[in-house]
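K.L.:
Here it is, the structure, as structure tokens.
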Amino acid sequence: QVQLVESGGGLVQAGGSLNLSCAARGSTVSIGSMGWYRQAPGKQREFVASITAAGDTTYTNSAKGRFTVSRDNFKFTVNLQMSKLNADDTGDYYCHAGNRWGPDFWGQGTRVTVSS
């Protein structure tokens with residue numbers, strides 16, 4: 001089993017920056033791709049960004065040019081550096097890790113609030 005622990009959420013003004021971190025604990029050998037999803041109030045959870053162990057990244061269109069996802073394969077951490085934040089970025093951000101052998105892993109979520 002793997003536990004994902006997020007940190008770094010908070011309140012930020014529009015146009016500001018925030019960095020989210022996620023650390024994986026447990027049977028990390030099962031982890032494949034890592035990344036982030038978010039859920040805005042009243043909306044479904046949506047993909048934000050992901051990164052493979054090889055360093056290949058994928059972003060949702062709204063994150064391109066503003067967010068940067070990175071990972072440390074030795075520490076099994078994944079970060080999301082967010083800049084130029086706007087109100088649409090408000091939501092609960094969830095760390096995600098693909099599981100090579102079963103259901104994917106999810107963190108508990110960290111809240112990001114962007115004030116206009």
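The way I read the labels, and the way they are meant: chains A, B, ... in the order of the structure tokens, residue 1 as the first residue of every chain, and ligand 1 as the first ligand shown, with later ones counted on from there.
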Excluding same-chain residues fewer than 6 positions from Ala53 (chain A), what lies within 10 Å of it counting only C-alpha atoms, as an NGL selection string?

P.N.:
:A and (31-34 or 70-73 or 76)

K.L.:
I'd like to know which residues of region 2-101 of chain A are helix (DSSP H, G or I) (by DSSP, run on the backbone); could you write them as a VMD selection string?

P.N.:
chain A and resid 28 to 30 61 to 63 87 to 89

K.L.:
Which residues come within 9 Å of region 93-108 of chain A, counting only C-alpha atoms, excluding same-chain residues fewer than 6 positions away, as a ChimeraX atom specification?

P.N.:
/A:1-6,9,20-24,29-40,45,48,50,78

K.L.:
Based on the selection just made, write C-alpha atoms of those residues as a CSV table (one decimal), in the first residue's frame.

P.N.:
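Listed below is the output, result.csv:
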```
chain,number,residue,atom,x,y,z
A,1,GLN,CA,0.0,0.0,0.0
A,2,VAL,CA,1.1,3.6,-0.7
A,3,GLN,CA,0.1,6.7,1.2
A,4,LEU,CA,0.3,10.1,-0.5
A,5,VAL,CA,0.7,13.2,1.7
A,6,GLU,CA,0.2,16.6,0.2
A,9,GLY,CA,-2.0,24.6,-0.3
A,20,LEU,CA,2.3,22.0,-3.9
A,21,SER,CA,4.3,19.0,-2.7
A,22,CYS,CA,3.4,15.4,-2.4
A,23,ALA,CA,5.4,12.6,-0.7
A,24,ALA,CA,4.7,8.9,-1.2
A,29,VAL,CA,8.0,0.3,-6.0
A,30,SER,CA,4.5,0.0,-7.4
A,31,ILE,CA,4.3,3.6,-8.4
A,32,GLY,CA,4.3,4.6,-12.0
A,33,SER,CA,3.3,8.0,-13.2
A,34,MET,CA,2.6,10.7,-10.6
A,35,GLY,CA,0.7,14.0,-10.8
A,36,TRP,CA,-2.1,16.2,-9.7
A,37,TYR,CA,-5.8,16.5,-10.1
A,38,ARG,CA,-8.1,19.2,-8.8
A,39,GLN,CA,-11.7,19.6,-7.9
A,40,ALA,CA,-13.4,23.0,-7.9
A,45,ARG,CA,-12.4,16.2,-10.3
A,48,VAL,CA,-4.1,19.0,-14.0
A,50,SER,CA,1.4,14.4,-14.6
A,78,VAL,CA,6.1,15.1,-6.9
```

K.L.:
For Ser115 (chain A), which of A:Asn79, A:Thr68, A:Ser7, A:Thr90 is the closest residue, counting only C-alpha atoms?

P.N.:
A:Thr90

K.L.:
How far is it from CA of Gln13 (chain A) to CA of Asp88 (chain A), in Å with one decimal?

P.N.:
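So the two atoms, CA of Gln13 (chain A) and CA of Asp88 (chain A), lie 12.2 Å apart.
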
K.L.:
My list of candidates is A:Thr60, A:Ser116, A:Thr52, A:Ser17. Which is closest to Thr77 (chain A) when distances are computed with only C-alpha atoms?

P.N.:
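Once distances to Thr77 (chain A) are computed over only C-alpha atoms, the minimum belongs to A:Thr52.
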
K.L.:
Hey, what does DSSP flag as strand (DSSP E) within chain A? Can you give it to me as a PyMOL selection string?

P.N.:
chain A and resi 2-7+10-13+18-26+31-39+46-51+57-59+67-72+77-82+91-99+105-106+110-115

K.L.:
Could you check which of A:Ala54, A:Leu85, A:Val12, A:Val114 is closest to Arg66 (chain A), using only C-alpha atoms?

P.N.:
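Distance minimum relative to Arg66 (chain A) lands on A:Leu85.
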
K.L.:
Considering only C-alpha atoms, state which residue in the set A:Ala87, A:Gly10, A:Phe74, A:Gln81 is at the smallest distance from Thr28 (chain A).

P.N.:
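Using only C-alpha atoms, the shortest distance to Thr28 (chain A) belongs to A:Phe74.
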
K.L.:
Choose the residue, out of A:Ser27, A:Gly42, A:Ser83, A:Ile51, that has the smallest atom-to-atom separation from Gly15 (chain A); count only C-alpha atoms.

P.N.:
A:Ser83

K.L.:
Have a look at CA of Gly16 (chain A) and CA of Lys75 (chain A) and let me know their distance in Å, one decimal.

P.N.:
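Going from CA of Gly16 (chain A) over to CA of Lys75 (chain A) covers 27.7 Å.
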
K.L.:
Of the candidates A:Asn19, A:Ser62, A:Val69, A:Thr110, which one gets nearest to Ala49 (chain A) if we count only C-alpha atoms?

P.N.:
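Among A:Asn19, A:Ser62, A:Val69, A:Thr110, it is A:Val69 that comes nearest to Ala49 (chain A).
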